[in-house]
file work_36.cif (mmCIF, C-alpha atoms)
data_model
loop_
_atom_site.label_atom_id
_atom_site.label_comp_id
_atom_site.auth_asym_id
_atom_site.auth_seq_id
_atom_site.Cartn_x
_atom_site.Cartn_y
_atom_site.Cartn_z
CA MET A 325 15.71 0.03 -3.85
CA ARG A 326 16.39 1.99 -0.68
CA ILE A 327 13.32 1.87 1.53
CA VAL A 328 12.80 3.82 4.76
CA ILE A 329 10.26 2.48 7.25
CA ALA A 330 8.72 4.60 10.02
CA GLY A 331 7.95 2.54 13.10
CA GLY A 332 10.86 0.26 12.31
CA HIS A 333 10.57 -1.85 15.47
CA GLY A 334 6.90 -2.72 14.98
CA ARG A 335 5.85 -6.33 14.52
CA ILE A 336 4.89 -5.79 10.88
CA ALA A 337 7.91 -3.57 10.20
CA LEU A 338 10.45 -6.13 11.49
CA ARG A 339 8.92 -8.78 9.23
CA LEU A 340 8.98 -6.35 6.30
CA GLU A 341 12.61 -5.44 6.94
CA ARG A 342 13.58 -9.11 6.86
CA LEU A 343 11.77 -9.72 3.58
CA LEU A 344 13.18 -6.62 1.90
CA SER A 345 16.76 -7.18 3.03
CA HIS A 346 16.62 -10.83 1.92
CA ALA A 347 15.45 -9.59 -1.49
CA GLY A 348 18.55 -7.42 -1.73
CA HIS A 349 17.04 -4.05 -0.92
CA GLU A 350 18.67 -1.45 1.32
CA VAL A 351 16.40 -0.86 4.31
CA ALA A 352 16.42 1.73 7.08
CA GLY A 353 14.01 1.67 10.01
CA ILE A 354 13.17 4.71 12.14
CA ILE A 355 13.01 3.86 15.86
CA ARG A 356 12.60 5.88 19.06
CA LYS A 357 14.85 3.84 21.38
CA PRO A 358 18.52 3.05 20.66
CA GLU A 359 18.15 -0.32 22.43
CA GLN A 360 15.79 -1.44 19.63
CA GLY A 361 18.63 -1.15 17.11
CA ASN A 362 19.95 -4.71 17.44
CA ASP A 363 16.57 -6.17 16.48
CA LEU A 364 16.65 -4.12 13.27
CA ARG A 365 20.22 -5.13 12.48
CA GLU A 366 19.23 -8.79 12.92
CA ALA A 367 16.42 -8.17 10.43
CA GLY A 368 18.92 -6.69 7.96
CA ALA A 369 17.90 -3.06 8.43
CA GLU A 370 19.85 0.05 9.38
CA PRO A 371 18.42 1.57 12.57
CA VAL A 372 17.85 5.34 12.61
CA VAL A 373 17.00 6.80 16.02
CA LEU A 374 14.48 9.62 15.59
CA ASP A 375 11.31 10.50 17.51
CA LEU A 376 8.59 11.31 14.98
CA GLU A 377 6.54 13.02 17.71
CA SER A 378 9.18 15.73 18.15
CA ALA A 379 11.24 15.68 14.92
CA SER A 380 11.04 18.47 12.36
CA VAL A 381 10.20 17.92 8.71
CA GLU A 382 13.81 18.73 7.84
CA MET A 383 15.14 16.06 10.21
CA VAL A 384 12.91 13.38 8.73
CA ALA A 385 13.57 14.52 5.15
CA ALA A 386 17.30 14.09 5.79
CA VAL A 387 16.68 10.42 6.63
CA LEU A 388 14.54 10.00 3.52
CA GLN A 389 17.06 11.65 1.19
CA GLY A 390 17.94 9.27 -1.65
CA ALA A 391 15.23 6.73 -0.78
CA ASP A 392 13.11 5.10 -3.47
CA ALA A 393 10.13 4.47 -1.18
CA ALA A 394 8.81 5.30 2.28
CA VAL A 395 6.59 3.04 4.38
CA PHE A 396 4.64 4.41 7.34
CA ALA A 397 4.19 1.50 9.74
CA ALA A 398 4.36 3.43 13.02
CA GLY A 399 1.66 3.41 15.66
CA ALA A 400 1.20 4.54 19.24
CA GLY A 401 0.55 0.91 20.12
CA PRO A 402 -1.65 -0.84 22.68
CA GLY A 403 -1.80 0.83 26.07
CA SER A 404 -1.35 4.34 24.68
CA ASP A 405 -3.96 7.01 25.28
CA ALA A 406 -6.10 8.95 22.81
CA ALA A 407 -3.66 11.87 22.74
CA ARG A 408 -0.88 9.64 21.39
CA LYS A 409 -3.19 8.24 18.72
CA GLU A 410 -3.34 11.82 17.49
CA THR A 411 0.40 12.55 17.74
CA VAL A 412 1.60 9.24 16.28
CA ASP A 413 -1.14 7.64 14.18
CA ARG A 414 -2.20 10.91 12.57
CA ALA A 415 0.42 13.63 13.00
CA ALA A 416 3.50 11.43 12.48
CA ALA A 417 2.01 9.95 9.30
CA VAL A 418 1.42 13.47 7.97
CA LEU A 419 4.93 14.57 9.02
CA PHE A 420 6.45 11.54 7.28
CA ALA A 421 4.50 12.36 4.12
CA ASP A 422 5.60 16.02 4.28
CA ALA A 423 9.20 14.85 4.65
CA ALA A 424 8.86 12.40 1.74
CA GLU A 425 7.64 15.22 -0.49
CA ARG A 426 10.50 17.45 0.63
CA ALA A 427 13.05 14.68 -0.04
CA GLY A 428 11.53 13.89 -3.44
CA VAL A 429 10.41 10.38 -2.47
CA ARG A 430 7.25 9.70 -4.45
CA ARG A 431 6.37 6.11 -3.48
CA TYR A 432 4.61 6.16 -0.12
CA LEU A 433 2.91 3.19 1.54
CA VAL A 434 0.76 3.42 4.65
CA VAL A 435 -0.15 0.61 7.03
CA SER A 436 -3.57 1.80 8.13
CA SER A 437 -6.42 -0.11 9.75
CA MET A 438 -9.68 -1.58 8.62
CA GLY A 439 -12.44 0.74 9.78
CA ALA A 440 -10.22 3.84 9.74
CA ASP A 441 -12.51 6.86 9.38
CA ALA A 442 -11.96 10.47 10.44
CA ARG A 443 -15.67 10.66 11.30
CA HIS A 444 -15.79 7.45 13.34
CA PRO A 445 -18.00 8.01 16.42
CA GLY A 446 -17.28 6.96 19.99
CA ASP A 447 -15.34 7.94 23.10
CA GLN A 448 -13.09 4.91 23.57
CA VAL A 449 -9.37 4.94 22.83
CA PHE A 450 -9.89 2.58 19.90
CA ASP A 451 -12.44 5.02 18.46
CA ALA A 452 -9.80 7.76 18.67
CA TYR A 453 -7.35 5.42 16.94
CA LEU A 454 -9.71 4.82 14.02
CA ARG A 455 -10.35 8.57 13.71
CA ALA A 456 -6.61 9.32 13.76
CA LYS A 457 -5.87 6.67 11.14
CA GLY A 458 -8.75 7.88 8.99
CA ALA A 459 -7.63 11.51 9.17
CA ALA A 460 -4.07 10.50 8.22
CA ASP A 461 -5.36 8.47 5.28
CA ASP A 462 -7.48 11.41 4.09
CA ASP A 463 -4.44 13.70 4.23
CA ILE A 464 -2.28 11.27 2.24
CA ARG A 465 -4.96 10.65 -0.39
CA ALA A 466 -5.26 14.39 -1.07
CA ARG A 467 -1.59 14.61 -2.11
CA THR A 468 -0.60 14.65 -5.77
CA ALA A 469 3.16 14.64 -5.15
CA LEU A 470 3.07 11.10 -3.70
CA ASN A 471 2.36 7.79 -5.41
CA TRP A 472 0.58 6.50 -2.33
CA THR A 473 -1.01 3.17 -1.52
CA ILE A 474 -2.95 2.67 1.71
CA LEU A 475 -3.21 -0.87 3.09
CA ARG A 476 -5.90 -1.55 5.68
CA PRO A 477 -5.40 -4.99 7.23
CA GLY A 478 -8.08 -6.78 9.17
CA SER A 479 -7.56 -8.21 12.66
CA LEU A 480 -3.82 -8.88 13.01
CA THR A 481 -2.60 -12.28 14.21
CA ASP A 482 0.80 -13.86 14.80
CA ASP A 483 -0.19 -17.04 12.95
CA ALA A 484 2.24 -18.20 10.28
CA GLY A 485 1.55 -16.55 6.94
CA THR A 486 -0.08 -18.63 4.22
CA GLY A 487 0.41 -16.28 1.26
CA LEU A 488 -3.31 -16.68 0.57
CA VAL A 489 -5.32 -13.50 0.95
CA ARG A 490 -8.28 -11.42 -0.05
CA LEU A 491 -7.14 -7.97 -1.21
CA GLU A 492 -9.84 -5.60 -2.43
CA ALA A 493 -11.18 -2.09 -1.92
CA HIS A 494 -13.69 -3.63 0.50
CA THR A 495 -13.25 -7.14 1.84
CA GLY A 496 -15.39 -7.17 4.96
CA ARG A 497 -13.85 -7.93 8.33
CA GLY A 498 -11.58 -10.86 9.04
CA PRO A 499 -8.19 -11.85 10.46
CA VAL A 500 -4.85 -11.70 8.65
CA PRO A 501 -1.39 -12.86 9.80
CA ARG A 502 1.22 -10.12 10.20
CA ASP A 503 3.46 -12.28 7.98
CA ASP A 504 1.03 -11.81 5.12
CA VAL A 505 0.67 -8.07 5.74
CA ALA A 506 4.46 -7.69 5.44
CA ALA A 507 4.51 -9.83 2.30
CA ALA A 508 1.69 -7.74 0.83
CA LEU A 509 3.71 -4.56 1.41
CA VAL A 510 6.64 -6.07 -0.51
CA GLU A 511 4.35 -6.93 -3.43
CA LEU A 512 2.83 -3.44 -3.37
CA LEU A 513 6.28 -1.85 -3.42
CA ASP A 514 7.12 -4.00 -6.43
CA THR A 515 3.88 -2.98 -8.19
CA PRO A 516 3.84 0.78 -8.89
CA ALA A 517 0.45 0.46 -10.60
CA THR A 518 -1.16 0.07 -7.16
CA ALA A 519 -0.56 3.77 -6.52
CA GLY A 520 -3.74 5.65 -5.71
CA LEU A 521 -5.48 2.65 -4.16
CA THR A 522 -6.88 2.11 -0.67
CA LEU A 523 -7.00 -1.64 -0.10
CA GLU A 524 -8.33 -3.91 2.61
CA LEU A 525 -6.52 -7.16 3.37
CA ILE A 526 -7.70 -10.31 5.13
CA ALA A 527 -6.85 -13.99 4.92
CA GLY A 528 -8.37 -15.60 1.86
CA SER A 529 -7.79 -18.09 -0.94
CA THR A 530 -5.94 -16.06 -3.59
CA PRO A 531 -2.13 -16.16 -3.82
CA LEU A 532 -0.76 -12.79 -2.80
CA SER A 533 1.01 -11.98 -6.07
CA VAL A 534 -2.17 -12.80 -8.02
CA ALA A 535 -4.27 -10.64 -5.69
CA VAL A 536 -1.94 -7.65 -6.12
CA LYS A 537 -1.88 -8.02 -9.91
CA ALA A 538 -5.68 -8.16 -9.91
CA VAL A 539 -6.03 -4.79 -8.17
CA ALA A 540 -3.10 -3.05 -9.86
CA GLY A 541 -4.27 0.02 -11.72
CA ASN A 542 -7.91 -0.40 -10.70
#

call {"tool": "encode", "arguments": {"input": "work_36.cif", "output": "structure tokens"}}
result
Amino acid sequence: MRIVIAGGHGRIALRLERLLSHAGHEVAGIIRKPEQGNDLREAGAEPVVLDLESASVEMVAAVLQGADAAVFAAGAGPGSDAARKETVDRAAAVLFADAAERAGVRRYLVVSSMGADARHPGDQVFDAYLRAKGAADDDIRARTALNWTILRPGSLTDDAGTGLVRLEAHTGRGPVPRDDVAAALVELLDTPATAGLTLELIAGSTPLSVAVKAVAGN
């Protein structure tokens, strides 16, 4: 498959790029800064420099042309203000989905966040983040032209992945290694029957491939 990843220099995205390229897939990662390109090449991905906060739908669709799947793993990141949660975590996810539809890419995965909710109350930046993520998820889930899956990981850690998870519509809060989030995205890409599902992911006791098969089509 050819897979295009938005937010290609993110900590989950770099892990995902490594896994996909090792599995023989062709991977492209969208980045904002040319100097990030070497990290993507080392992960086996083709870097594409494009700012999703200013790009047009046509520009993004050109990158997605011929892809088999699109993964939205971009985020404004820690230290960014509420305005950038809106322009990256919401608007860029919607733009990427619009571009996927225009390019005819049906499979669309989103790395969201546990607790994402467009109606989440509060005035802190993290509250704005959860609202932005929730609004993006709502937009994606309303689309019939995309075979979407939304993954909402719990608290992200840099611990080594175990391959043992809990993956359900509602898991309750808990930590999960970024390694296992990336591995879950690979399994979801390989399992088209997970389309139409919003799934929470935390560390658990079920092997990842078993957990994905268990939710597929539910």

call {"tool": "resolve_selection", "arguments": {"input": "work_36.cif", "expression": "the PyMOL selection byres ((chain A and resi 361-365) around 12)", "output": "JSON, numbers by chain"}}
result
{"A": [329, 331, 332, 333, 334, 335, 337, 338, 339, 340, 341, 342, 345, 350, 351, 352, 353, 354, 355, 356, 357, 358, 359, 360, 366, 367, 368, 369, 370, 371, 372, 373, 374]}

call {"tool": "write_last_selection", "arguments": {"input": "work_36.cif", "atoms": "C-alpha atoms", "output": "compact mmCIF listing (two decimals), in the frame of the given file"}}
result
# COMPACT_ATOMS: atom_id res chain seq x y z
CA ILE A 329 10.26 2.48 7.25
CA GLY A 331 7.95 2.54 13.10
CA GLY A 332 10.86 0.26 12.31
CA HIS A 333 10.57 -1.85 15.47
CA GLY A 334 6.90 -2.72 14.98
CA ARG A 335 5.85 -6.33 14.52
CA ALA A 337 7.91 -3.57 10.20
CA LEU A 338 10.45 -6.13 11.49
CA ARG A 339 8.92 -8.78 9.23
CA LEU A 340 8.98 -6.35 6.30
CA GLU A 341 12.61 -5.44 6.94
CA ARG A 342 13.58 -9.11 6.86
CA SER A 345 16.76 -7.18 3.03
CA GLU A 350 18.67 -1.45 1.32
CA VAL A 351 16.40 -0.86 4.31
CA ALA A 352 16.42 1.73 7.08
CA GLY A 353 14.01 1.67 10.01
CA ILE A 354 13.17 4.71 12.14
CA ILE A 355 13.01 3.86 15.86
CA ARG A 356 12.60 5.88 19.06
CA LYS A 357 14.85 3.84 21.38
CA PRO A 358 18.52 3.05 20.66
CA GLU A 359 18.15 -0.32 22.43
CA GLN A 360 15.79 -1.44 19.63
CA GLU A 366 19.23 -8.79 12.92
CA ALA A 367 16.42 -8.17 10.43
CA GLY A 368 18.92 -6.69 7.96
CA ALA A 369 17.90 -3.06 8.43
CA GLU A 370 19.85 0.05 9.38
CA PRO A 371 18.42 1.57 12.57
CA VAL A 372 17.85 5.34 12.61
CA VAL A 373 17.00 6.80 16.02
CA LEU A 374 14.48 9.62 15.59

call {"tool": "closest_residue", "arguments": {"input": "work_36.cif", "among": "A:Ala456, A:Leu480, A:Ala330, A:Asp504", "to": "A:Ala421", "atoms": "all atoms listed in the file"}}
result
A:Ala330

call {"tool": "resolve_selection", "arguments": {"input": "work_36.cif", "expression": "the PyMOL selection byres ((chain A and resi 424) around 12)", "output": "ChimeraX atom specification"}}
result
/A:327-330,381-396,417-423,425-433,464,467,469-472

call {"tool": "atom_distance", "arguments": {"input": "work_36.cif", "atom1": "atom CA of A:Ala493", "atom2": "atom CA of A:Thr522"}}
result
6.1 Å

call {"tool": "resolve_selection", "arguments": {"input": "work_36.cif", "expression": "the PyMOL selection byres ((chain A and resi 485-492) around 8)", "output": "list in words"}}
result
Asp483, Ala484, Ala493, His494, Thr495, Val500, Pro501, Arg502, Asp503, Asp504, Ala507, Leu523, Glu524, Leu525, Ile526, Ala527, Gly528, Ser529, Thr530, Pro531, Leu532, Ala535, Val536 and Val539 of chain A

call {"tool": "axis_aligned_box", "arguments": {"input": "work_36.cif", "around": "stretch 489-502 of chain A", "padding_each_side": "3 Å", "output": "JSON"}}
result
{"center_x": -7.1, "center_y": -7.8, "center_z": 4.0, "size_x": 22.6, "size_y": 17.4, "size_z": 18.9}

call {"tool": "residues_near_point", "arguments": {"input": "work_36.cif", "point": "(7.9, 0.4, -8.3)", "cutoff": "10 Å", "atoms": "only C-alpha atoms", "output": "VMD selection string"}}
result
chain A and resid 325 392 to 393 431 471 511 to 519

call {"tool": "atom_distance", "arguments": {"input": "work_36.cif", "atom1": "atom CA of A:Ala442", "atom2": "atom CA of A:Ala538"}}
result
28.3 Å

call {"tool": "atom_distance", "arguments": {"input": "work_36.cif", "atom1": "atom CA of A:Leu509", "atom2": "atom CA of A:Asp375"}}
result
23.3 Å

call {"tool": "closest_residue", "arguments": {"input": "work_36.cif", "among": "A:Gly498, A:Ala406, A:Ala416, A:Ala540", "to": "A:Asp447", "atoms": "all atoms listed in the file"}}
result
A:Ala406

call {"tool": "closest_residue", "arguments": {"input": "work_36.cif", "among": "A:Asp413, A:Met438, A:Ile474, A:Ser479", "to": "A:Tyr453", "atoms": "all atoms listed in the file"}}
result
A:Asp413

call {"tool": "closest_residue", "arguments": {"input": "work_36.cif", "among": "A:Arg408, A:Arg465, A:Arg414, A:Arg476", "to": "A:Gly520", "atoms": "only C-alpha atoms"}}
result
A:Arg465

call {"tool": "closest_residue", "arguments": {"input": "work_36.cif", "among": "A:Gly439, A:Gly403, A:Pro445, A:Gly496", "to": "A:Lys457", "atoms": "only C-alpha atoms"}}
result
A:Gly439

call {"tool": "closest_residue", "arguments": {"input": "work_36.cif", "among": "A:Ala440, A:Ile336, A:Leu344, A:Ala379", "to": "A:Val510", "atoms": "only C-alpha atoms"}}
result
A:Leu344
